[in-house]
file work_16.txt (compact mmCIF, C-alpha atoms)
# COMPACT_ATOMS: atom_id res chain seq x y z
CA MET Q 1 34.81 53.42 -0.91
CA GLY Q 2 32.36 50.65 -1.56
CA SER Q 3 29.40 52.45 -0.04
CA GLY Q 4 27.85 53.55 -3.34
CA GLN Q 5 24.48 52.17 -4.25
CA SER Q 6 24.21 50.04 -7.34
CA THR Q 7 21.89 47.45 -8.73
CA PRO Q 8 23.00 43.85 -8.45
CA ALA Q 9 24.31 42.29 -11.62
CA PRO Q 10 22.06 39.69 -13.20
CA PRO Q 11 23.19 36.10 -12.69
CA LEU Q 12 25.57 34.90 -15.35
CA PRO Q 13 24.97 31.68 -17.23
CA ALA Q 14 27.34 28.96 -16.06
CA LYS Q 15 28.74 28.45 -19.54
CA LEU Q 16 29.31 32.10 -20.42
CA GLY Q 17 32.90 32.53 -21.53
CA ALA Q 18 33.39 28.82 -21.96
CA THR Q 19 34.83 27.50 -25.17
CA ALA Q 20 34.00 24.35 -27.09
CA ASN Q 21 36.70 22.10 -28.46
CA ALA Q 22 36.55 20.15 -31.74
CA SER Q 23 34.47 17.34 -30.23
CA GLY Q 24 31.85 19.80 -28.97
CA ASP Q 25 32.70 19.42 -25.28
CA VAL Q 26 32.50 22.69 -23.39
CA LYS Q 27 35.74 23.63 -21.69
CA LYS Q 28 35.43 25.56 -18.43
CA PRO Q 29 37.10 29.00 -18.54
CA ARG Q 30 40.15 29.59 -16.39
CA PRO Q 31 39.53 31.51 -13.16
CA CYS Q 32 42.11 34.13 -14.10
CA CYS Q 33 40.13 35.09 -17.19
CA VAL Q 34 36.67 35.80 -15.75
CA CYS Q 35 35.23 38.47 -13.44
CA LEU Q 36 38.09 40.87 -14.18
CA ASP Q 37 36.16 44.05 -13.29
CA GLU Q 38 34.89 42.63 -10.00
CA LYS Q 39 38.37 41.38 -9.12
CA ALA Q 40 39.97 44.75 -9.90
CA LYS Q 41 37.44 46.66 -7.79
CA ARG Q 42 37.85 44.20 -4.90
CA ASP Q 43 41.64 44.40 -5.04
CA GLU Q 44 41.67 48.19 -5.27
CA CYS Q 45 39.40 48.46 -2.25
CA MET Q 46 41.48 46.03 -0.19
CA LEU Q 47 44.84 47.53 -1.13
CA PHE Q 48 43.95 51.20 -0.80
CA SER Q 49 41.55 51.07 2.13
CA THR Q 50 42.13 53.83 4.66
CA THR Q 51 40.35 52.05 7.51
CA ASP Q 52 41.79 49.60 10.00
CA ASN Q 53 39.46 46.86 8.78
CA ALA Q 54 39.52 46.62 4.99
CA GLN Q 55 37.67 43.28 5.11
CA THR Q 56 34.60 44.95 6.55
CA GLU Q 57 34.83 47.98 4.27
CA CYS Q 58 35.18 45.85 1.12
CA ALA Q 59 32.81 43.02 2.07
CA ASP Q 60 30.25 43.96 -0.59
CA LEU Q 61 32.90 43.89 -3.34
CA VAL Q 62 34.22 40.55 -2.10
CA THR Q 63 30.68 39.15 -2.20
CA LYS Q 64 30.13 40.44 -5.75
CA TYR Q 65 33.38 38.80 -6.85
CA LYS Q 66 32.44 35.49 -5.21
CA ASP Q 67 28.99 35.59 -6.82
CA CYS Q 68 30.51 36.29 -10.22
CA MET Q 69 32.96 33.40 -9.87
CA ALA Q 70 30.15 31.10 -8.75
CA GLY Q 71 28.31 31.99 -11.96
CA TYR Q 72 31.19 30.38 -13.84
CA GLY Q 73 31.17 27.30 -11.61
CA PHE Q 74 34.05 28.29 -9.32
CA LYS Q 75 33.63 27.89 -5.56
CA ILE Q 76 35.74 30.22 -3.47
call {"tool": "encode", "arguments": {"input": "work_16.txt", "output": "structure tokens"}}
result
Amino acid sequence: MGSGQSTPAPPLPAKLGATANASGDVKKPRPCCVCLDEKAKRDECMLFSTTDNAQTECADLVTKYKDCMAGYGFKI
């Protein structure tokens, strides 16, 4: 798992998924509501890894998730 080749996702704008309130201020999205695909793939790899070191096996998926979250302004 996790060894397939893929092209990196383009960087996401920081305000993608953000909502504006009545005064026009942009509200930051909640961390639970962004990067759902990346999170699901990361979790599946970590939970169902057949190796002794899931962290190493799933490192690329963890990095993709962190990069996605950073695109929304979250620092993990």
call {"tool": "residues_around", "arguments": {"input": "work_16.txt", "residues": "Pro31 in chain Q", "least_positions_apart": "4", "cutoff": "12 Å", "atoms": "all atoms listed in the file", "output": "short mmCIF file (atom, residue, chain, number, x, y, z; two decimals) with C-alpha atoms, in the coordinates of the input"}}
result
data_model
loop_
_atom_site.label_atom_id
_atom_site.label_comp_id
_atom_site.auth_asym_id
_atom_site.auth_seq_id
_atom_site.Cartn_x
_atom_site.Cartn_y
_atom_site.Cartn_z
CA GLY Q 17 32.90 32.53 -21.53
CA ALA Q 18 33.39 28.82 -21.96
CA CYS Q 35 35.23 38.47 -13.44
CA LEU Q 36 38.09 40.87 -14.18
CA LYS Q 39 38.37 41.38 -9.12
CA TYR Q 65 33.38 38.80 -6.85
CA LYS Q 66 32.44 35.49 -5.21
CA CYS Q 68 30.51 36.29 -10.22
CA MET Q 69 32.96 33.40 -9.87
CA ALA Q 70 30.15 31.10 -8.75
CA GLY Q 71 28.31 31.99 -11.96
CA TYR Q 72 31.19 30.38 -13.84
CA GLY Q 73 31.17 27.30 -11.61
CA PHE Q 74 34.05 28.29 -9.32
CA LYS Q 75 33.63 27.89 -5.56
CA ILE Q 76 35.74 30.22 -3.47
#
call {"tool": "residues_around", "arguments": {"input": "work_16.txt", "residues": "Ala59 in chain Q", "least_positions_apart": "2", "cutoff": "12 Å", "atoms": "all atoms listed in the file", "output": "PyMOL selection string"}}
result
chain Q and resi 1-3+41-43+45-46+49+53-57+61-66
call {"tool": "atom_distance", "arguments": {"input": "work_16.txt", "atom1": "CA of Cys58 in chain Q", "atom2": "CA of Pro29 in chain Q"}}
result
26.0 Å
